[in-house]
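Asks: The structure under discussion is supplied below as structure tokens; questions concerning it will follow.
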Amino acid sequence: MSEFSLQQALNLALQHACEDDDRVLIFGEDVGGLGGVFRVTDGLQAKFGDRRVFDTPLAESGIMGMAVGLAMAGWRPVPEVQFDGFSYPAIDQIVNQVARLHYRSRGSFAMPITLRVPSFGGIRAPEHHSESLEALFAHVPGLKVVSPSTPGEGYHLLRQSIADPDPVIFLEPKSRYWHRESFDPGAPVEPLPVGTSRIARPGKHATLIAWGAMVTRCLQVAELAAEDGVELEVVDLRWLKPIDADGLAASVSRTRRAVVVHEAPLTAGLGAEVSTLVTDRCFGELRAPVQRVTGFDVPYPSGALEDEYLPSIDRVLTAVQATLEYRRG
Amino acid sequence: MSEFSLQQALNLALQHACEDDDRVLIFGEDVGGLGGVFRVTDGLQAKFGDRRVFDTPLAESGIMGMAVGLAMAGWRPVPEVQFDGFSYPAIDQIVNQVARLHYRSRGSFAMPITLRVPSFGGIRAPEHHSESLEALFAHVPGLKVVSPSTPGEGYHLLRQSIADPDPVIFLEPKSRYWHRESFDPGAPVEPLPVGTSRIARPGKHATLIAWGAMVTRCLQVAELAAEDGVELEVVDLRWLKPIDADGLAASVSRTRRAVVVHEAPLTAGLGAEVSTLVTDRCFGELRAPVQRVTGFDVPYPSGALEDEYLPSIDRVLTAVQATLEYRRG
Amino acid sequence: MDLPELHRLMLVARRIDEEAIAMQRQGELPGYAPMKGQEAAQVGSAAALDLTRDFAFPNYRDLGAAVAMGVDLVGYLSTHLGTWHGGMYDPQASRLAPVNAVVGGAVPHAVGWAMGARLDGTGGVAITYFGDGASSQGDVHEALNFAAVYRLPVIFFCQNNGWAISVPAERQVAGGSVAARAAGYGIEGVRVDGNDVLAVFEATSEALCRGRDGGGPTVIEAMTYRMGPHSTSDDPGRYRTLEEEREWAERDPVARAAANLPAEVVAEAEAHAAQVVRQVREGLIATGERPAGELFSFVYREPTKALLDQQRGSHV
Amino acid sequence: MDLPELHRLMLVARRIDEEAIAMQRQGELPGYAPMKGQEAAQVGSAAALDLTRDFAFPNYRDLGAAVAMGVDLVGYLSTHLGTWHGGMYDPQASRLAPVNAVVGGAVPHAVGWAMGARLDGTGGVAITYFGDGASSQGDVHEALNFAAVYRLPVIFFCQNNGWAISVPAERQVAGGSVAARAAGYGIEGVRVDGNDVLAVFEATSEALCRGRDGGGPTVIEAMTYRMGPHSTSDDPGRYRTLEEEREWAERDPVARAAANLPAEVVAEAEAHAAQVVRQVREGLIATGERPAGELFSFVYREPTKALLDQQRGSHV
Ligand SMILES: Cc1ncc(C[n+]2csc(CCOP(=O)(O)OP(=O)(O)O)c2C)c(N)n1
Ligand SMILES: Cc1ncc(C[n+]2csc(CCOP(=O)(O)OP(=O)(O)O)c2C)c(N)n1
Ligand SMILES: [Mg+2]
Ligand SMILES: [Mg+2]
């Protein structure tokens, strides 16, 4: 057991992945000598050489297109897009190529690509540096999508993503990069299948469902609610595609109430999918409609307005109260 | 009153828009001399000259980027992307620029851009020519999204979109281009606000919610169900952003049951948003969870498998039956 | 490879192309993108490849490359039959990537593949086929720049066939030449008469050597002409003149090769082509329905539970 | 514009740049992207514009252009203050588009704007600022090709400052020169000493004339150097040498202009700059909280009902 920040845990996962499989390649903008703008790839070029860890020109579509070709040649690419909002220039390659080449080739070419994307908000960043793209990615057949909420989760989920034979979009909650936690990267991991969620805190009065940095937000809310005797269960969804519908249903069948929390805008966000899955499976048991606490339907704002945009403790508490007090109209 | 196909109705709408406002510009791949691969812009270059109706080089991002600049210079661009699947190369410009320049500039620059996208499947097309991107677009703050289901709707919605001061993504159901209908383009239109839905067929036992070509599919289903005495209400959502939540709630409050039908894959499709909105507003009245009948979570397949992929009459009927027979577990 | 062999391949491509159009007219193929006129460009370049180590990335109009590479042609044409988007041939064994319908989209794949080949030290070179229209796409620029920065063994093979659907190359390619763009990246760029099969073979062989020797990428712009419509639903009468078509008909690459061969060689090639056409036609017609559930195959390496649920119809 | 005026503008840019870094260190600005070293490139080009008809498209490091164009500097810097992403200045009145943080993303906007200006017959020319790194983006290629195909009045002004964060231009720009790419599009491309403010002014003035006269677009590559870090959270010590930094310090564009001016002119300019810095600093510090609900403004021309509902908190 030692203490790691999420950034260090991810760095270690990349290091171990490179050691265990010499087909793993790491590339992107500034990931080489600089070690990435968040230092997640720090020291890897020195360890594995500039053939396996290298800088690319500044072109996200080119990066993903190159990843496709490398995968076709039998390599295991782990590219980085420097910030969430700069995934958009690569969307065509991701949707039309990465997600489909296995299908298009009838299984002839595997696409074991893990795209790392520093994601979400909360760090007072410039425009385009705080976006949540999970709904977009989760809608695309052929992709898997995951987001860790803690250093330990980060380590294991990144190892699992790189080992996965399918393309995985790995969304790193950048506001959590520097938060530390103890875990043992050498400890044998339960071989959890892709698509399982995790109960981050058990409770019985309502289920809060979140991912990435919003898991921490929900844990804070649960802490506060507990002072009033309200026991909230916090589910860390982790895998945003495939979604653990069974796990969610199991929790909500017990609590009979659910609130889903995310940073992305409300409309057509992943909260709608979560809400629909839960409602579909727990229709008879639900005591209130699933509440959504999300970013608003506005462009992610500048620092001065960030706290107003992001789901706050207050907003989540208000939704919890609404679901607890809900009476069928 | 005369008869028009959707393709002709849209062509007429473009012509009238160009006549009424000499800031309207039409451009895209092959929209000039050829009149577009679906002939929606047929004859317009001859009428309005090659300064107002012109071909671009083959680059969708460039097309949308140019549209942004033209809008900044006070023009009213109506670009075309040749097929749905080729919107992806333009997504960065659409999300990071088109949808945000009004916001970024604090209202200094309007973005009255109408992006026409021949959309959805059903015509045995090559790969990338049958995609449904409405969930992606609807998630983006700053965009409006609309899809007409009939020639008359097409005419008026396109006029309304072009007149709108905000960017509108106009999704044309290409499988309906050649279907004809009588309407009077000169008739005064009820000034319907953006974001209203339309009851395409009234009924009382359940509400089918759809857009684009799936409206026709739902009307077929309603016809068949009527033979068995089941009266289905068909709501043509039309505006996919903003969504007419009040209109949907009004219908479902009466019928107490809803099925949403779309071509896009299930997971994180717009059906989830529709389902969540309806459930949220009609929780006490709903007699069954909202059913979704959608494309599967697979890449849009080749012609031989297309009918298996698209929501069929049978699949919709099965969902209707499921909602009618639903008993709280 | 010598002229008789190249001609023989071109003729097969020509006759299959004609047959595909005929089958489309007869309602047996939903649609087709004819390559008539581009046989020399496609055959000449693909025939130069070493199929033990090189790899080709086609778009949707590269039947000639498939013929030259010995790809199963029923499998290749099944993309037009609506059987499977990428075609039914084995892309790994064929050394021909699945058919790609995104204009310019596969070009960066060749760059990545070439980097992989270099890391493996195979000496393999990637060739990517794209059109004059595709040269406008950002992806093609990004790919050129990546390949040049890393000096990768890639051939950017542009078939400048004069048109991108209805847009002529002179209103598409600013400056007028895709090959001339190469200089801006510090790499080799050559223009070649794309209707001269030997010249194309030669230029490609040189570029292959350069790639294998660590000399980096090459842009080859093969000047040719799409003699037919863009696709079977296109009407070229709307955008180009008969004069232009007639002019290029005189430069027909297949006829041009035949003119330099003894009549009996040509006749034998015709007989051979006719036989291939027969087999391919029969193969296409015999292609049956797709098995139920194939829709759900190949989305992932192993299907996810959610997908199996959908297949089982627990989600209707 | 003459050297004293240009120097005076450069000095204001230099001193504000320094002040912004100081304010960041003092915790008064969340972050900043210094432009020290690029004053001549930015001021020299922007000062040549005719603000009654031209229009500039900046990225995130173009303070010098803002200074030369007389943009409200508190408004300009408020993007770094976290007040509003695009800045708080009036982009229409200033003729400077909102700050754009997508590398290469605003380049095609200049092309569209230039087409609009030509349709209106204003004689206006668009100038777009981008970096050596941005030249790798597909959007920049597409924009160059569009502008060249339509022969639009656009200046593609590339500040080649040697680095894109940690990646040096020689591993970014294959072939070594962004200006050299112009030939491939059949348009003018010039390289200019980006630390020579008069040379930049001259080159830009020529390109403006060309644009106004229907001569089409120009690529200007201004060779310069980012003397500071990429941003206030960057550490250049990780990727470049002190020698390199020292070498470029000797070519400091502001010092170079000053060396050709009488001491009292320089002293007066310093006094002026100090005064501007004081005003800007005070303005930044006086910038208050944002009004509640501003978050919901400007998403659409008129807010939608759904958005008003969210604002009213009916959706929490
Ligand atoms: C990204 C993208 N945009 C648009 C299309 C539609 N489209 C298919 S082929 C074509 C023209 C391509 O021209 P060119 O690259 O010259 O190739 P050619 O068809 O002449 O072989 C277009 C616009 C597409 N397939 N992909
Ligand atoms: C599309 C996109 N990708 C990545 C980034 C992150 N990023 C910001 S600046 C920068 C380097 C830009 O280099 P250059 O174009 O040379 O401009 P400079 O910073 O040197 O002025 C990068 C990678 C971005 N802002 N936009
Ligand atoms: Mg062509
Ligand atoms: Mg730079």
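Numbering starts fresh at 1 for the residues of each chain in the structure tokens, the chains themselves are lettered A, B, ... in the order given, and ligands are numbered from 1 as they appear.
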Taking only C-alpha atoms into account, find every residue of chain B that has an atom no more than 10 Å from chain C, and write it out as a ChimeraX atom specification.
Replies: /B:29-37,55-62,85-86,89,123-129,266-267,291-306,308-309,311-312,314-319,322
Asks: Would you mind listing, as a count of residues only, all residues of chain B that have at least one atom within 6 Å of chain A, where only C-alpha atoms are what counts?
Replies: 19
Asks: Set out as a tab-separated table a contact list for chain C and chain D with a cut-off of 9 Å, giving each residue of chain C that qualifies its closest atom pair and distance in Å to one decimal, counting only C-alpha atoms, ordered by chain and rising residue number.
Replies:
```
residue	atom	partner	partner_atom	distance
C:Ser136	CA	D:Glu142	CA	6.1
C:Gln137	CA	D:Glu142	CA	6.4
C:Gly138	CA	D:Gly138	CA	3.4
C:Asp139	CA	D:Gly138	CA	5.8
C:Val140	CA	D:Gly138	CA	7.8
C:His141	CA	D:Gly138	CA	6.0
C:Glu142	CA	D:Gly138	CA	5.8
C:Leu144	CA	D:Ala174	CA	8.6
C:Asn145	CA	D:Ala174	CA	5.7
C:Phe146	CA	D:Ala174	CA	7.8
C:Ala147	CA	D:Ala174	CA	8.7
C:Ala148	CA	D:Ala174	CA	5.6
C:Val149	CA	D:Ala174	CA	5.0
C:Tyr150	CA	D:Arg171	CA	8.3
C:Glu170	CA	D:Val149	CA	8.2
C:Arg171	CA	D:Val149	CA	6.0
C:Gln172	CA	D:Val149	CA	6.8
C:Val173	CA	D:Asn145	CA	7.1
C:Ala174	CA	D:Tyr185	CA	4.7
C:Gly175	CA	D:Gly186	CA	3.9
C:Gly176	CA	D:Gly186	CA	7.5
C:Ser177	CA	D:Gly184	CA	7.4
C:Val178	CA	D:Gly184	CA	7.7
C:Ala179	CA	D:Gly184	CA	8.4
C:Ala180	CA	D:Gly184	CA	5.4
C:Arg181	CA	D:Gly184	CA	4.3
C:Ala182	CA	D:Gly184	CA	7.6
C:Ala183	CA	D:Gly175	CA	7.4
C:Gly184	CA	D:Arg181	CA	4.3
C:Tyr185	CA	D:Gly175	CA	4.3
C:Gly186	CA	D:Gly175	CA	3.9
C:Ile187	CA	D:Gly175	CA	7.4
```
Asks: Need the shell around Glu19 (chain A): protein/DNA/RNA residues with any atom at most 9 Å away, counting only C-alpha atoms. Skip same-chain ones fewer than 5 positions apart. Format as a list of chain:residue names?
Replies: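 Selected residues are A:Leu14, A:Val24, A:Phe48.
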Asks: Those residues with all heavy atoms, as a tab-separated table (two decimals), in the first residue's frame please?
Replies:
```tsv
chain	number	residue	atom	x	y	z
A	14	LEU	N	0.15	3.13	-16.92
A	14	LEU	CA	0.75	3.18	-18.26
A	14	LEU	C	2.11	2.49	-18.25
A	14	LEU	O	2.45	1.73	-19.17
A	14	LEU	CB	0.89	4.65	-18.71
A	14	LEU	CG	-0.43	5.37	-19.01
A	14	LEU	CD1	-0.18	6.85	-19.26
A	14	LEU	CD2	-1.15	4.74	-20.20
A	24	VAL	N	2.31	-2.06	-26.71
A	24	VAL	CA	1.66	-0.82	-26.26
A	24	VAL	C	2.46	0.39	-26.72
A	24	VAL	O	3.68	0.45	-26.51
A	24	VAL	CB	1.49	-0.81	-24.72
A	24	VAL	CG1	1.04	0.58	-24.23
A	24	VAL	CG2	0.49	-1.88	-24.30
A	48	PHE	N	10.86	4.05	-21.87
A	48	PHE	CA	10.55	3.12	-22.96
A	48	PHE	C	11.03	3.60	-24.32
A	48	PHE	O	10.82	2.92	-25.32
A	48	PHE	CB	9.04	2.83	-22.99
A	48	PHE	CG	8.53	2.22	-21.71
A	48	PHE	CD1	7.87	2.99	-20.77
A	48	PHE	CD2	8.78	0.89	-21.43
A	48	PHE	CE1	7.43	2.44	-19.58
A	48	PHE	CE2	8.35	0.32	-20.23
A	48	PHE	CZ	7.67	1.09	-19.30
```
Asks: Could you tell me how far CA of Asp213 (chain D) lies from CA of Gly121 (chain D), in Å and to one decimal?
Replies: 11.4 Å
Asks: Using the chain letters and numbers from this document, which residues of region 48-154 of chain A does DSSP assign to helix (DSSP H, G or I), as a PyMOL selection string?
Replies: chain A and resi 48+60-72+84-98+101-104+134-138+151-154
Asks: As an exercise, work out the distance from CA of Ser147 (chain A) to CA of Gly116 (chain C) in Å and give it to one decimal place.
Replies: 28.7 Å
Asks: Step one, run DSSP on the backbone; step two, keep only residues of region 83-329 of chain B assigned to strand (DSSP E or B); then write them as a VMD selection string.
Replies: chain B and resid 114 to 119 144 to 146 168 to 173 180 to 183 198 to 201 206 to 210 232 to 236 239 to 241 258 to 265 291 to 295
Asks: So that I can see what lies close to region 173-178 of chain A, please list as a ChimeraX atom specification the residues with an atom at most 10 Å from it, counting only C-alpha atoms and leaving out residues fewer than 4 positions away in the same chain.
Replies: /A:4-10,38-40,83-84,117-124,129-130,132,147-151,154,211-214,216
Asks: Kindly export the residues of the current selection with C-alpha atoms, as a CSV table (one decimal), in the first residue's frame.
Replies:
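What ended up in part.csv:
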```
chain,number,residue,atom,x,y,z
A,4,PHE,CA,-0.9,7.9,-5.0
A,5,SER,CA,-2.7,10.7,-6.7
A,6,LEU,CA,-4.9,9.8,-9.6
A,7,GLN,CA,-2.2,11.3,-11.9
A,8,GLN,CA,0.4,9.1,-10.4
A,9,ALA,CA,-1.8,6.0,-10.5
A,10,LEU,CA,-2.5,6.5,-14.2
A,38,PHE,CA,-1.0,16.9,-16.6
A,39,ARG,CA,2.2,14.8,-16.4
A,40,VAL,CA,0.3,11.6,-16.7
A,83,PHE,CA,-8.3,18.1,-23.4
A,84,ASP,CA,-11.9,16.9,-23.8
A,117,VAL,CA,-9.0,12.2,-22.5
A,118,PRO,CA,-8.5,14.6,-19.6
A,119,SER,CA,-12.1,15.4,-19.0
A,120,PHE,CA,-14.8,17.4,-17.2
A,121,GLY,CA,-14.6,20.7,-15.4
A,122,GLY,CA,-13.8,22.2,-12.1
A,123,ILE,CA,-10.4,23.7,-12.6
A,124,ARG,CA,-11.2,27.2,-13.8
A,129,HIS,CA,-11.0,22.6,-21.4
A,130,SER,CA,-13.9,21.4,-19.3
A,132,SER,CA,-18.1,16.2,-20.8
A,147,SER,CA,-14.3,7.1,-16.2
A,148,PRO,CA,-12.5,6.5,-12.9
A,149,SER,CA,-13.3,8.3,-9.7
A,150,THR,CA,-10.3,7.5,-7.5
A,151,PRO,CA,-6.6,6.7,-7.9
A,154,GLY,CA,-7.9,4.8,-12.2
A,211,TRP,CA,-19.1,9.2,-12.4
A,212,GLY,CA,-15.8,11.0,-12.4
A,213,ALA,CA,-15.5,13.9,-10.1
A,214,MET,CA,-19.3,13.9,-9.4
A,216,THR,CA,-16.9,12.9,-4.8
```
Asks: So which residues touch Ala20 (chain D) within 12 Å, counting only C-alpha atoms, skipping near sequence neighbours fewer than 2 positions away, as a ChimeraX atom specification?
Replies: /D:13-18,22-36,63,73-74,76-81,231-232,277-278,280-282,284-285
Asks: Print the selection's residues with N, CA, C and O atoms to a file, as a compact mmCIF listing (two decimals), in the first residue's frame.
Replies:
```
# COMPACT_ATOMS: atom_id res chain seq x y z
N ALA D 13 2.38 46.51 -25.19
CA ALA D 13 2.12 45.06 -25.17
C ALA D 13 3.08 44.37 -24.21
O ALA D 13 2.68 43.55 -23.38
N ARG D 14 4.36 44.70 -24.31
CA ARG D 14 5.37 44.07 -23.46
C ARG D 14 5.07 44.30 -21.98
O ARG D 14 5.09 43.39 -21.16
N ARG D 15 4.75 45.54 -21.64
CA ARG D 15 4.56 45.86 -20.22
C ARG D 15 3.26 45.26 -19.67
O ARG D 15 3.19 44.85 -18.52
N ILE D 16 2.25 45.21 -20.51
CA ILE D 16 0.99 44.59 -20.06
C ILE D 16 1.21 43.09 -19.89
O ILE D 16 0.71 42.47 -18.94
N ASP D 17 1.94 42.51 -20.83
CA ASP D 17 2.25 41.08 -20.76
C ASP D 17 2.95 40.77 -19.43
O ASP D 17 2.58 39.83 -18.72
N GLU D 18 3.94 41.59 -19.11
CA GLU D 18 4.67 41.38 -17.85
C GLU D 18 3.75 41.53 -16.65
O GLU D 18 3.82 40.78 -15.67
N ALA D 22 2.73 38.96 -13.67
CA ALA D 22 2.85 39.33 -12.25
C ALA D 22 1.53 39.12 -11.53
O ALA D 22 1.48 38.56 -10.42
N MET D 23 0.46 39.52 -12.17
CA MET D 23 -0.85 39.36 -11.53
C MET D 23 -1.20 37.88 -11.35
O MET D 23 -1.83 37.50 -10.37
N GLN D 24 -0.78 37.07 -12.31
CA GLN D 24 -1.03 35.64 -12.15
C GLN D 24 -0.25 35.12 -10.96
O GLN D 24 -0.79 34.38 -10.13
N ARG D 25 1.01 35.55 -10.83
CA ARG D 25 1.83 35.08 -9.71
C ARG D 25 1.24 35.54 -8.38
O ARG D 25 1.35 34.87 -7.36
N GLN D 26 0.60 36.71 -8.41
CA GLN D 26 -0.01 37.25 -7.19
C GLN D 26 -1.40 36.67 -6.93
O GLN D 26 -2.09 37.09 -6.00
N GLY D 27 -1.83 35.75 -7.80
CA GLY D 27 -3.13 35.14 -7.59
C GLY D 27 -4.30 35.98 -8.06
O GLY D 27 -5.44 35.71 -7.71
N GLU D 28 -4.01 36.99 -8.86
CA GLU D 28 -5.10 37.85 -9.31
C GLU D 28 -5.63 37.48 -10.69
O GLU D 28 -6.69 37.95 -11.09
N LEU D 29 -4.87 36.69 -11.42
CA LEU D 29 -5.35 36.13 -12.70
C LEU D 29 -5.20 34.61 -12.59
O LEU D 29 -4.14 34.14 -12.21
N PRO D 30 -6.23 33.86 -12.94
CA PRO D 30 -6.12 32.40 -12.84
C PRO D 30 -5.01 31.81 -13.74
O PRO D 30 -4.37 30.84 -13.38
N GLY D 31 -4.81 32.40 -14.89
CA GLY D 31 -3.79 31.87 -15.79
C GLY D 31 -3.58 32.85 -16.92
O GLY D 31 -4.38 33.76 -17.13
N TYR D 32 -2.48 32.66 -17.65
CA TYR D 32 -2.18 33.61 -18.72
C TYR D 32 -1.26 32.94 -19.73
O TYR D 32 -0.45 32.08 -19.37
N ALA D 33 -1.37 33.38 -20.99
CA ALA D 33 -0.51 32.86 -22.06
C ALA D 33 0.38 33.99 -22.56
O ALA D 33 -0.04 34.79 -23.40
N PRO D 34 1.60 34.09 -22.07
CA PRO D 34 2.46 35.24 -22.39
C PRO D 34 2.85 35.30 -23.87
O PRO D 34 3.04 34.26 -24.50
N MET D 35 2.99 36.52 -24.39
CA MET D 35 3.39 36.66 -25.79
C MET D 35 4.74 37.35 -25.91
O MET D 35 5.15 37.68 -27.02
N LYS D 36 5.43 37.50 -24.82
CA LYS D 36 6.74 38.17 -24.85
C LYS D 36 7.62 37.61 -25.95
O LYS D 36 7.80 36.39 -26.05
N LEU D 63 -2.23 39.40 -27.62
CA LEU D 63 -2.34 40.68 -26.94
C LEU D 63 -1.79 41.82 -27.79
O LEU D 63 -2.37 42.92 -27.83
N LEU D 73 -8.34 46.91 -23.31
CA LEU D 73 -7.43 45.85 -22.84
C LEU D 73 -7.93 45.14 -21.59
O LEU D 73 -7.63 43.96 -21.38
N VAL D 74 -8.69 45.84 -20.78
CA VAL D 74 -9.32 45.14 -19.66
C VAL D 74 -10.28 44.10 -20.22
O VAL D 74 -10.29 42.95 -19.79
N TYR D 76 -10.09 42.72 -23.12
CA TYR D 76 -9.32 41.65 -23.75
C TYR D 76 -8.81 40.67 -22.70
O TYR D 76 -8.93 39.46 -22.84
N LEU D 77 -8.24 41.19 -21.62
CA LEU D 77 -7.61 40.32 -20.62
C LEU D 77 -8.64 39.60 -19.75
O LEU D 77 -8.28 38.65 -19.03
N SER D 78 -9.90 40.02 -19.83
CA SER D 78 -10.88 39.38 -18.95
C SER D 78 -11.10 37.91 -19.32
O SER D 78 -11.64 37.16 -18.52
N THR D 79 -10.65 37.52 -20.50
CA THR D 79 -10.70 36.07 -20.80
C THR D 79 -9.78 35.32 -19.84
O THR D 79 -10.10 34.23 -19.37
N HIS D 80 -8.63 35.91 -19.51
CA HIS D 80 -7.69 35.26 -18.60
C HIS D 80 -8.12 35.41 -17.14
O HIS D 80 -7.73 34.63 -16.28
N LEU D 81 -8.93 36.43 -16.90
CA LEU D 81 -9.45 36.65 -15.56
C LEU D 81 -10.54 35.64 -15.23
O LEU D 81 -10.94 35.50 -14.07
N SER D 231 2.30 28.85 -21.09
CA SER D 231 1.30 29.51 -20.25
C SER D 231 1.89 29.58 -18.86
O SER D 231 2.96 29.01 -18.61
N THR D 232 1.18 30.23 -17.96
CA THR D 232 1.73 30.38 -16.62
C THR D 232 1.80 29.04 -15.89
O THR D 232 2.42 28.97 -14.83
N VAL D 277 -0.51 50.44 -18.21
CA VAL D 277 -0.47 49.28 -17.33
C VAL D 277 -1.25 49.57 -16.05
O VAL D 277 -2.05 48.76 -15.59
N ARG D 278 -1.06 50.76 -15.51
CA ARG D 278 -1.76 51.11 -14.28
C ARG D 278 -3.28 51.05 -14.49
O ARG D 278 -4.01 50.45 -13.70
N VAL D 280 -4.95 49.42 -16.77
CA VAL D 280 -5.43 48.07 -17.04
C VAL D 280 -5.48 47.27 -15.75
O VAL D 280 -6.44 46.56 -15.46
N ARG D 281 -4.43 47.41 -14.96
CA ARG D 281 -4.38 46.69 -13.69
C ARG D 281 -5.58 47.06 -12.81
O ARG D 281 -6.27 46.21 -12.27
N GLU D 282 -5.80 48.37 -12.72
CA GLU D 282 -6.94 48.83 -11.92
C GLU D 282 -8.26 48.30 -12.47
O GLU D 282 -9.13 47.86 -11.73
N LEU D 284 -8.75 45.62 -14.19
CA LEU D 284 -8.89 44.18 -13.94
C LEU D 284 -9.30 43.93 -12.50
O LEU D 284 -10.18 43.10 -12.21
N ILE D 285 -8.65 44.65 -11.59
CA ILE D 285 -8.95 44.42 -10.19
C ILE D 285 -10.38 44.87 -9.86
O ILE D 285 -11.06 44.27 -9.04
```
Asks: Near His156 (chain B), counting only C-alpha atoms, which residues have an atom at most 12 Å away, once you skip same-chain residues fewer than 3 positions from it, shown as number ranges by chain?
Replies: B: 6, 9-14, 16-17, 146-153, 159-163, 170, 183-194, 238
Asks: Which residues are close to region 220-230 of chain C, i.e. within 6 Å by only C-alpha atoms, leaving aside same-chain residues fewer than 5 positions away? Reply as a PyMOL selection string.
Replies: chain C and resi 36-37+157-162+165+179+189-195+236
Asks: Would you mind reading off the distance between CA of Leu208 (chain C) and CA of Leu70 (chain A), one decimal, in Å?
Replies: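 Atom-to-atom, CA of Leu208 (chain C) and CA of Leu70 (chain A) are spaced 19.5 Å apart.
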Asks: From the options D:Asp50, D:Leu3, D:Arg301, D:Tyr129, which residue's atoms come nearest to ligand 4, counting only C-alpha atoms and all ligand atoms?
Replies: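 Result for the nearest residue to ligand 4: D:Tyr129.
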